[in-house]
file structure-v4.tsv (TSV, C-alpha atoms)
chain	number	residue	atom	x	y	z
J	223	MET	CA	33.73	-0.49	0.26
J	224	LYS	CA	35.77	-2.04	3.08
J	225	GLU	CA	35.34	0.66	5.71
J	226	LEU	CA	32.78	0.79	8.51
J	227	ILE	CA	30.79	4.02	8.88
J	228	PHE	CA	30.58	5.13	12.53
J	229	LEU	CA	27.99	7.74	13.46
J	230	GLU	CA	27.63	10.54	16.02
J	231	PRO	CA	24.19	10.31	17.66
J	232	VAL	CA	21.66	13.15	17.79
J	233	PHE	CA	19.88	13.68	21.14
J	234	LYS	CA	16.32	14.88	21.79
J	235	GLU	CA	15.11	16.41	25.05
J	236	THR	CA	11.58	15.43	26.10
J	237	ILE	CA	9.29	15.96	29.08
J	238	TRP	CA	9.36	12.22	29.78
J	239	GLY	CA	13.11	11.65	29.24
J	240	GLY	CA	15.79	10.93	31.82
J	241	ASP	CA	19.55	10.72	32.29
J	242	ARG	CA	20.29	7.06	31.54
J	243	LEU	CA	21.63	7.78	28.05
J	244	GLY	CA	24.42	9.59	29.86
J	245	LYS	CA	24.80	7.25	32.84
J	246	ASP	CA	24.47	3.91	31.03
J	247	TYR	CA	26.04	4.77	27.68
J	248	GLY	CA	28.47	7.57	28.50
J	249	TYR	CA	26.90	9.93	25.96
J	250	ASP	CA	27.31	13.68	26.39
J	251	ILE	CA	23.57	14.35	26.72
J	252	PRO	CA	22.09	17.88	26.71
J	253	SER	CA	20.15	17.52	30.00
J	254	ASP	CA	18.63	15.13	32.53
J	255	HIS	CA	15.47	15.12	30.40
J	256	THR	CA	17.01	13.45	27.35
J	257	GLY	CA	14.50	10.97	25.99
J	258	GLU	CA	15.90	9.93	22.62
J	259	CYS	CA	19.22	9.08	21.04
J	260	TRP	CA	18.83	9.11	17.25
J	261	ALA	CA	21.66	6.67	16.73
J	262	ILE	CA	21.44	5.97	12.99
J	263	SER	CA	19.39	8.68	11.30
J	264	ALA	CA	19.29	10.63	8.06
J	265	HIS	CA	15.93	12.24	8.86
J	266	GLU	CA	15.67	16.01	8.37
J	267	ASN	CA	14.70	16.44	12.04
J	268	GLY	CA	17.98	14.90	13.19
J	269	THR	CA	20.62	13.54	10.82
J	270	CYS	CA	23.76	11.91	12.20
J	271	ARG	CA	27.25	13.05	11.32
J	272	ILE	CA	29.85	10.51	10.18
J	273	ALA	CA	32.64	10.14	12.73
J	274	ASN	CA	35.44	8.46	10.77
J	275	GLY	CA	37.08	7.59	7.50
J	276	GLU	CA	36.63	8.78	3.95
J	277	PHE	CA	33.33	10.53	4.66
J	278	LYS	CA	34.20	11.97	8.10
J	279	ASP	CA	32.06	15.01	9.08
J	280	MET	CA	29.58	14.42	6.25
J	281	LEU	CA	25.92	14.09	7.25
J	282	LEU	CA	24.36	10.67	6.68
J	283	SER	CA	21.56	12.32	4.69
J	284	GLU	CA	24.14	13.90	2.39
J	285	LEU	CA	26.04	10.63	2.00
J	286	PHE	CA	22.84	8.84	1.00
J	287	LYS	CA	22.09	11.47	-1.64
J	288	THR	CA	25.58	11.68	-3.13
J	289	HIS	CA	26.99	8.16	-2.71
J	290	ARG	CA	24.08	5.78	-3.17
J	291	GLU	CA	26.54	3.01	-4.07
J	292	VAL	CA	27.52	2.87	-0.37
J	293	PHE	CA	23.98	1.56	0.27
J	294	GLY	CA	23.85	-0.91	-2.60
J	295	GLY	CA	22.10	1.54	-4.92
J	296	ILE	CA	18.76	1.11	-3.16
J	297	GLU	CA	15.93	3.30	-4.41
J	298	GLY	CA	14.05	6.02	-2.51
J	299	GLU	CA	14.32	9.70	-1.74
J	300	GLN	CA	15.71	9.17	1.76
J	301	PHE	CA	17.68	6.69	3.82
J	302	PRO	CA	14.89	4.26	4.73
J	303	LEU	CA	15.54	3.40	8.40
J	304	LEU	CA	15.97	5.22	11.69
J	305	VAL	CA	17.44	3.59	14.80
J	306	LYS	CA	16.87	5.13	18.25
J	307	ILE	CA	17.55	4.38	21.89
J	308	ILE	CA	14.69	5.68	24.04
J	309	ASP	CA	14.96	6.36	27.79
J	310	ALA	CA	11.47	6.69	29.30
J	311	ARG	CA	11.81	8.03	32.85
J	312	ASP	CA	8.09	8.87	32.65
J	313	ASP	CA	5.19	7.61	30.52
J	314	LEU	CA	5.06	8.60	26.86
J	315	SER	CA	1.74	9.74	25.42
J	316	ILE	CA	-0.75	7.16	24.12
J	317	GLN	CA	-0.12	7.37	20.39
J	318	VAL	CA	-0.54	5.85	16.95
J	319	HIS	CA	1.27	6.19	13.62
J	320	PRO	CA	-0.17	6.39	10.10
J	321	ASP	CA	0.75	4.11	7.20
J	322	ASP	CA	2.52	5.32	4.04
J	323	GLU	CA	-0.73	6.03	2.20
J	324	TYR	CA	-2.29	8.18	4.94
J	325	ALA	CA	0.98	10.01	5.68
J	326	ALA	CA	1.57	10.77	2.00
J	327	ALA	CA	-1.91	12.28	1.70
J	328	HIS	CA	-2.05	14.15	5.02
J	329	GLU	CA	1.58	14.83	6.06
J	330	ASN	CA	3.21	16.49	3.04
J	331	GLY	CA	4.28	13.23	1.40
J	332	SER	CA	6.00	11.83	4.51
J	333	LEU	CA	6.59	8.13	4.95
J	334	GLY	CA	4.33	6.32	7.38
J	335	LYS	CA	5.82	4.73	10.47
J	336	THR	CA	6.22	1.03	11.05
J	337	GLU	CA	8.49	0.44	14.05
J	338	CYS	CA	9.68	-2.24	16.46
J	339	TRP	CA	10.96	-2.27	20.03
J	340	TYR	CA	13.68	-4.33	21.68
J	341	ILE	CA	13.52	-3.90	25.48
J	342	ILE	CA	17.12	-3.16	26.50
J	343	ASP	CA	16.25	-2.77	30.17
J	344	CYS	CA	13.23	-2.02	32.34
J	345	ASP	CA	12.05	-1.80	35.93
J	346	GLU	CA	10.83	-5.00	37.55
J	347	ASP	CA	7.18	-3.94	37.31
J	348	ALA	CA	7.44	-2.20	33.92
J	349	GLN	CA	4.52	-2.13	31.52
J	350	ILE	CA	3.82	-0.91	28.01
J	351	VAL	CA	0.68	0.01	26.12
J	352	ILE	CA	0.19	-2.02	22.97
J	353	GLY	CA	-3.20	-2.31	21.33
J	354	HIS	CA	-6.70	-1.49	22.54
J	355	ASN	CA	-9.90	-3.24	23.65
J	356	ALA	CA	-12.44	-1.74	21.22
J	357	LYS	CA	-14.31	-4.29	19.07
J	358	ASP	CA	-14.58	-2.09	15.97
J	359	SER	CA	-13.83	1.39	14.61
J	360	ALA	CA	-17.14	2.79	15.87
J	361	GLN	CA	-16.26	1.76	19.41
J	362	VAL	CA	-12.74	3.21	19.00
J	363	LYS	CA	-14.33	6.58	18.21
J	364	GLU	CA	-16.85	6.32	21.05
J	365	MET	CA	-14.26	5.35	23.70
J	366	ILE	CA	-11.78	8.05	22.67
J	367	GLU	CA	-14.37	10.81	22.51
J	368	ALA	CA	-15.79	9.76	25.90
J	369	GLY	CA	-12.30	9.54	27.44
J	370	LYS	CA	-12.74	5.91	28.53
J	371	TRP	CA	-9.00	5.41	28.71
J	372	ASP	CA	-8.91	2.63	31.32
J	373	GLU	CA	-11.34	0.57	29.24
J	374	PHE	CA	-9.77	1.42	25.89
J	375	ILE	CA	-6.04	0.94	26.46
J	376	ARG	CA	-4.42	-2.50	26.54
J	377	VAL	CA	-1.55	-2.57	29.06
J	378	ILE	CA	0.87	-5.53	29.34
J	379	PRO	CA	3.94	-6.30	31.48
J	380	VAL	CA	7.39	-6.28	29.84
J	381	HIS	CA	10.77	-7.74	30.65
J	382	LYS	CA	14.34	-7.17	29.48
J	383	GLY	CA	14.86	-8.87	26.11
J	384	ASP	CA	11.21	-8.69	25.00
J	385	PHE	CA	10.49	-7.62	21.43
J	386	PHE	CA	7.43	-6.05	19.80
J	387	GLN	CA	6.52	-5.11	16.24
J	388	ILE	CA	4.33	-1.99	16.01
J	389	TYR	CA	2.46	-1.71	12.73
J	390	PRO	CA	0.76	1.55	11.66
J	391	GLY	CA	-2.67	1.84	13.23
J	392	THR	CA	-1.53	0.16	16.49
J	393	VAL	CA	-2.21	2.13	19.68
J	394	HIS	CA	0.98	2.09	21.77
J	395	ALA	CA	3.04	3.82	24.45
J	396	ILE	CA	6.34	3.20	26.20
J	397	LYS	CA	5.82	3.62	29.95
J	398	ARG	CA	8.11	4.75	32.72
J	399	GLY	CA	11.20	2.79	33.70
J	400	THR	CA	11.83	1.36	30.25
J	401	MET	CA	14.78	1.68	27.87
J	402	ILE	CA	14.33	0.40	24.34
J	403	LEU	CA	16.11	0.20	21.02
J	404	GLU	CA	13.66	1.19	18.29
J	405	THR	CA	14.09	0.37	14.62
J	406	GLN	CA	11.63	2.20	12.38
J	407	GLN	CA	10.90	3.69	9.01
J	408	SER	CA	12.56	7.08	8.64
J	409	SER	CA	9.51	9.08	9.71
J	410	ASP	CA	8.72	11.49	12.53
J	411	ILE	CA	4.91	11.43	12.31
J	412	THR	CA	3.15	10.65	15.60
J	413	TYR	CA	-0.51	11.18	16.49
J	414	ARG	CA	-1.15	11.68	20.21
J	415	VAL	CA	-4.42	10.14	21.34
J	416	TYR	CA	-4.06	10.93	25.06
J	417	ASP	CA	-1.39	12.61	27.20
J	418	TYR	CA	-2.67	12.25	30.80
J	419	GLY	CA	-3.57	15.96	30.89
J	420	ARG	CA	0.12	16.92	31.18
J	421	LEU	CA	1.31	20.47	30.68
J	422	GLN	CA	4.42	21.60	28.80
J	423	ASN	CA	5.37	25.26	29.31
J	424	GLY	CA	2.05	25.68	31.08
J	425	LYS	CA	-0.06	24.35	28.21
J	426	PRO	CA	-1.41	20.91	27.27
J	427	ARG	CA	0.55	19.24	24.46
J	428	GLN	CA	-1.22	19.00	21.11
J	429	LEU	CA	-3.48	15.98	20.58
J	430	HIS	CA	-4.45	14.53	17.20
J	431	ILE	CA	-7.86	13.02	17.93
J	432	GLN	CA	-9.34	12.97	14.42
J	433	GLN	CA	-6.16	11.66	12.80
J	434	SER	CA	-5.95	8.95	15.48
J	435	ILE	CA	-9.55	7.87	14.92
J	436	ASP	CA	-8.83	7.81	11.17
J	437	VAL	CA	-5.84	5.47	11.41
J	438	ILE	CA	-6.41	3.19	14.44
J	439	LYS	CA	-7.09	-0.35	13.24
J	440	ALA	CA	-9.83	-2.33	15.02
J	441	PRO	CA	-10.08	-4.84	16.48
J	442	PHE	CA	-6.48	-5.17	17.67
J	443	ASP	CA	-4.79	-8.51	16.94
J	444	PRO	CA	-2.16	-9.28	19.64
J	445	ALA	CA	-0.38	-11.68	17.26
J	446	SER	CA	0.49	-8.74	14.98
J	447	ALA	CA	2.82	-7.34	17.66
J	448	ALA	CA	4.77	-10.54	18.31
J	449	GLY	CA	8.28	-10.90	16.97
J	450	GLU	CA	9.55	-14.03	15.24
J	451	ASN	CA	12.39	-14.69	17.70
J	452	GLU	CA	13.84	-17.57	15.73
J	453	THR	CA	17.31	-18.56	14.57
J	454	THR	CA	17.61	-18.22	10.81
J	455	SER	CA	19.97	-18.99	7.97
J	456	PHE	CA	21.30	-15.40	8.08
J	457	VAL	CA	23.84	-16.73	10.53
J	458	GLN	CA	24.60	-19.68	12.63
J	459	ALA	CA	24.43	-19.87	16.43
J	460	GLY	CA	24.13	-16.61	18.31
J	461	VAL	CA	21.84	-14.78	15.89
J	462	LYS	CA	18.08	-14.53	16.14
J	463	ARG	CA	15.85	-12.85	13.63
J	464	LEU	CA	13.44	-10.73	15.64
J	465	VAL	CA	11.23	-9.67	12.74
J	466	THR	CA	11.05	-9.34	8.97
J	467	CYS	CA	8.47	-7.05	7.40
J	468	LYS	CA	8.07	-4.95	4.25
J	469	TYR	CA	10.50	-2.29	5.51
J	470	TYR	CA	13.21	-4.05	7.52
J	471	SER	CA	14.65	-7.19	9.02
J	472	VAL	CA	15.96	-6.92	12.60
J	473	TYR	CA	18.38	-9.36	14.25
J	474	LYS	CA	19.82	-9.85	17.74
J	475	ILE	CA	23.46	-10.94	17.62
J	476	THR	CA	24.92	-12.40	20.82
J	477	VAL	CA	28.71	-12.70	20.68
J	478	SER	CA	30.61	-14.84	23.17
J	479	GLY	CA	34.02	-15.57	21.74
J	480	ARG	CA	34.02	-15.46	17.96
J	481	THR	CA	31.15	-15.28	15.44
J	482	ASP	CA	31.73	-15.37	11.67
J	483	LEU	CA	28.87	-13.82	9.71
J	484	PRO	CA	28.08	-13.96	6.00
J	485	ASN	CA	26.88	-10.67	4.54
J	486	HIS	CA	25.47	-9.86	1.12
J	487	ARG	CA	23.10	-7.06	2.17
J	488	PRO	CA	22.99	-3.56	0.60
J	489	PHE	CA	23.93	-2.25	4.06
J	490	VAL	CA	23.57	-3.32	7.71
J	491	ASN	CA	22.89	-1.01	10.69
J	492	MET	CA	24.68	-2.18	13.85
J	493	SER	CA	24.06	-0.97	17.43
J	494	VAL	CA	26.09	-2.38	20.33
J	495	ILE	CA	23.74	-2.46	23.34
J	496	GLU	CA	25.84	-4.52	25.78
J	497	GLY	CA	29.52	-5.37	26.23
J	498	SER	CA	32.46	-4.80	23.91
J	499	GLY	CA	34.63	-6.54	21.36
J	500	LEU	CA	35.96	-6.31	17.83
J	501	ILE	CA	34.60	-6.33	14.31
J	502	ASP	CA	37.35	-7.41	11.93
J	503	GLY	CA	39.88	-6.12	14.46
J	504	THR	CA	38.22	-2.73	14.99
J	505	PRO	CA	37.24	-2.12	18.66
J	506	ILE	CA	33.53	-1.59	19.33
J	507	LYS	CA	31.69	-1.09	22.62
J	508	LYS	CA	28.29	-0.50	24.18
J	509	GLY	CA	26.82	2.68	22.71
J	510	ASP	CA	28.58	2.47	19.35
J	511	HIS	CA	26.45	2.63	16.20
J	512	PHE	CA	27.77	2.02	12.70
J	513	ILE	CA	26.80	0.97	9.20
J	514	ILE	CA	28.37	-1.90	7.30
J	515	PRO	CA	28.30	-0.57	3.71
J	516	SER	CA	27.55	-2.34	0.46
J	517	GLY	CA	30.39	-4.54	-0.78
J	518	TYR	CA	32.00	-4.88	2.65
J	519	GLY	CA	31.40	-8.61	2.58
J	520	ASP	CA	31.52	-11.16	5.38
J	521	PHE	CA	32.74	-10.08	8.81
J	522	ILE	CA	34.03	-11.49	12.10
J	523	LEU	CA	32.80	-10.43	15.54
J	524	GLU	CA	34.89	-11.22	18.62
J	525	GLY	CA	34.35	-10.46	22.29
J	526	ASP	CA	31.43	-10.52	24.71
J	527	MET	CA	28.62	-8.28	23.48
J	528	THR	CA	25.05	-7.95	22.22
J	529	ILE	CA	24.24	-6.16	18.96
J	530	ILE	CA	20.93	-5.25	17.35
J	531	ALA	CA	21.32	-5.25	13.56
J	532	SER	CA	18.88	-4.13	10.88
J	533	THR	CA	18.72	-3.97	7.11
J	534	VAL	CA	16.16	-3.42	4.38

call {"tool": "encode", "arguments": {"input": "structure-v4.tsv", "output": "structure tokens"}}
result
Amino acid sequence: MKELIFLEPVFKETIWGGDRLGKDYGYDIPSDHTGECWAISAHENGTCRIANGEFKDMLLSELFKTHREVFGGIEGEQFPLLVKIIDARDDLSIQVHPDDEYAAAHENGSLGKTECWYIIDCDEDAQIVIGHNAKDSAQVKEMIEAGKWDEFIRVIPVHKGDFFQIYPGTVHAIKRGTMILETQQSSDITYRVYDYGRLQNGKPRQLHIQQSIDVIKAPFDPASAAGENETTSFVQAGVKRLVTCKYYSVYKITVSGRTDLPNHRPFVNMSVIEGSGLIDGTPIKKGDHFIIPSGYGDFILEGDMTIIASTV
């Protein structure tokens, strides 16, 4: 198939969201508390609609079910990846995700959630939570039940362009003043460990203490969250592989002029996060998200832009 598949994002309002998805990306967001743009998604809680071409107006979830050849005939019940842009005007809850095995057993057969973060932009003094300081699972349980949050949570500074891999069982939280592009398994299972005592509609949000204690891995290994950040044979200059794991490979493509890229993947997700240009003569700009389908072949990028790409 020699036609790109452009997608219409789905937006999610949150108590911690802001207005930058509208201001920075020109999206028509539902309110000034819009926390998430589900940019490439076929998940039942928010599936994108196709914006162009042969499959215009079809849902991505429907396309995956009925035209598997577009995705190289890959196996699985659902489109495997979900790409988001997250605008955290306030702190997100301290949370953790289960792996496939735990989610299948406890969450109606859902996939687990491995994810990664590329920091698109952040305040000068921005921080994130990644990992914890407990020495073993017994201490995880003790610190959570006693509410020793300052001792338990591992907080680190972040800067624009940083990258983190978040495996299941890793305590994490995006904090205020941070905008990220998240690539993840197509799952919407999150266990809240702590939410700062916040109220939503006058009530505390639900916590998932037992599930969190069940799945948090201890001790935390900081090396597990580091990306690879190396140039690879996938392309020549201008492309860095950020991570490869069981579920995805993620790349940062920096275009300045012209970049010719080989492509033999079943499909490639593409998100333009800065600048503008062309892909094989088709205009693309910051905020565009599209899929390069199976059989599309090699492609040429021209212009001045930054793209985050992912594939299985």

call {"tool": "residues_around", "arguments": {"input": "structure-v4.tsv", "residues": "region 247-254 of chain J", "least_positions_apart": "2", "cutoff": "7 Å", "atoms": "all atoms listed in the file", "output": "PyMOL selection string"}}
result
chain J and resi 233+240-241+243-245+256+508-509

call {"tool": "write_last_selection", "arguments": {"input": "structure-v4.tsv", "atoms": "C-alpha atoms", "output": "PDB file, keeping the file's coordinate frame"}}
result
ATOM      1  CA  PHE J 233      19.880  13.680  21.140  1.00  0.00           C
ATOM      2  CA  GLY J 240      15.790  10.930  31.820  1.00  0.00           C
ATOM      3  CA  ASP J 241      19.550  10.720  32.290  1.00  0.00           C
ATOM      4  CA  LEU J 243      21.630   7.780  28.050  1.00  0.00           C
ATOM      5  CA  GLY J 244      24.420   9.590  29.860  1.00  0.00           C
ATOM      6  CA  LYS J 245      24.800   7.250  32.840  1.00  0.00           C
ATOM      7  CA  THR J 256      17.010  13.450  27.350  1.00  0.00           C
ATOM      8  CA  LYS J 508      28.290  -0.500  24.180  1.00  0.00           C
ATOM      9  CA  GLY J 509      26.820   2.680  22.710  1.00  0.00           C
TER      10      GLY J 509
END

call {"tool": "atom_distance", "arguments": {"input": "structure-v4.tsv", "atom1": "CA of Tyr469 (chain J)", "atom2": "CA of Lys234 (chain J)"}}
result
24.4 Å

call {"tool": "atom_distance", "arguments": {"input": "structure-v4.tsv", "atom1": "CA of Tyr518 (chain J)", "atom2": "CA of Gly295 (chain J)"}}
result
14.0 Å

call {"tool": "closest_atom_pairs", "arguments": {"input": "structure-v4.tsv", "of": "region 301-321 of chain J", "to": "region 257-270 of chain J", "cutoff": "9 Å", "atoms": "all atoms listed in the file", "output": "JSON lines"}}
result
{"residue": "J:Phe301", "atom": "CA", "partner": "J:Ala264", "partner_atom": "CA", "distance": 6.0}
{"residue": "J:Pro302", "atom": "CA", "partner": "J:Ala264", "partner_atom": "CA", "distance": 8.4}
{"residue": "J:Leu303", "atom": "CA", "partner": "J:Ser263", "partner_atom": "CA", "distance": 7.1}
{"residue": "J:Leu304", "atom": "CA", "partner": "J:Ser263", "partner_atom": "CA", "distance": 4.9}
{"residue": "J:Val305", "atom": "CA", "partner": "J:Ile262", "partner_atom": "CA", "distance": 5.0}
{"residue": "J:Lys306", "atom": "CA", "partner": "J:Trp260", "partner_atom": "CA", "distance": 4.5}
{"residue": "J:Ile307", "atom": "CA", "partner": "J:Cys259", "partner_atom": "CA", "distance": 5.1}
{"residue": "J:Ile308", "atom": "CA", "partner": "J:Glu258", "partner_atom": "CA", "distance": 4.6}
{"residue": "J:Asp309", "atom": "CA", "partner": "J:Gly257", "partner_atom": "CA", "distance": 5.0}
{"residue": "J:Ala310", "atom": "CA", "partner": "J:Gly257", "partner_atom": "CA", "distance": 6.2}
{"residue": "J:Arg311", "atom": "CA", "partner": "J:Gly257", "partner_atom": "CA", "distance": 7.9}

call {"tool": "closest_residue", "arguments": {"input": "structure-v4.tsv", "among": "J:Met365, J:Leu500, J:Ala325, J:Leu314", "to": "Gln349 (chain J)", "atoms": "only C-alpha atoms"}}
result
J:Leu314

call {"tool": "atom_distance", "arguments": {"input": "structure-v4.tsv", "atom1": "CA of Ile350 (chain J)", "atom2": "CA of Phe442 (chain J)"}}
result
15.2 Å

call {"tool": "closest_atom_pairs", "arguments": {"input": "structure-v4.tsv", "of": "region 446-532 of chain J", "to": "region 402-405 of chain J", "cutoff": "9 Å", "atoms": "all atoms listed in the file", "output": "JSON lines"}}
result
{"residue": "J:Tyr470", "atom": "CA", "partner": "J:Thr405", "partner_atom": "CA", "distance": 8.4}
{"residue": "J:Val472", "atom": "CA", "partner": "J:Thr405", "partner_atom": "CA", "distance": 7.8}
{"residue": "J:Ser493", "atom": "CA", "partner": "J:Leu403", "partner_atom": "CA", "distance": 8.8}
{"residue": "J:Ile495", "atom": "CA", "partner": "J:Leu403", "partner_atom": "CA", "distance": 8.4}
{"residue": "J:Ile530", "atom": "CA", "partner": "J:Leu403", "partner_atom": "CA", "distance": 8.1}
{"residue": "J:Ser532", "atom": "CA", "partner": "J:Thr405", "partner_atom": "CA", "distance": 7.6}

call {"tool": "closest_residue", "arguments": {"input": "structure-v4.tsv", "among": "J:Ala360, J:Pro488, J:Ile388, J:Gln433", "to": "Ser446 (chain J)", "atoms": "only C-alpha atoms"}}
result
J:Ile388

call {"tool": "residues_around", "arguments": {"input": "structure-v4.tsv", "residues": "region 366-370 of chain J", "least_positions_apart": "3", "cutoff": "8 Å", "atoms": "all atoms listed in the file", "output": "number ranges by chain"}}
result
J: 362-363, 373-374, 415, 431

call {"tool": "closest_residue", "arguments": {"input": "structure-v4.tsv", "among": "J:Asp321, J:Glu346, J:Ser408, J:Ile378", "to": "Gly391 (chain J)", "atoms": "all atoms listed in the file"}}
result
J:Asp321

call {"tool": "closest_residue", "arguments": {"input": "structure-v4.tsv", "among": "J:Leu523, J:Leu421, J:Leu464, J:Ala356", "to": "Trp238 (chain J)", "atoms": "all atoms listed in the file"}}
result
J:Leu421

call {"tool": "closest_residue", "arguments": {"input": "structure-v4.tsv", "among": "J:Gly275, J:Pro320, J:Gly479, J:Gly353", "to": "Asp443 (chain J)", "atoms": "all atoms listed in the file"}}
result
J:Gly353

call {"tool": "closest_residue", "arguments": {"input": "structure-v4.tsv", "among": "J:Asp372, J:Asp436, J:Glu524, J:Asp384", "to": "Asp502 (chain J)", "atoms": "all atoms listed in the file"}}
result
J:Glu524
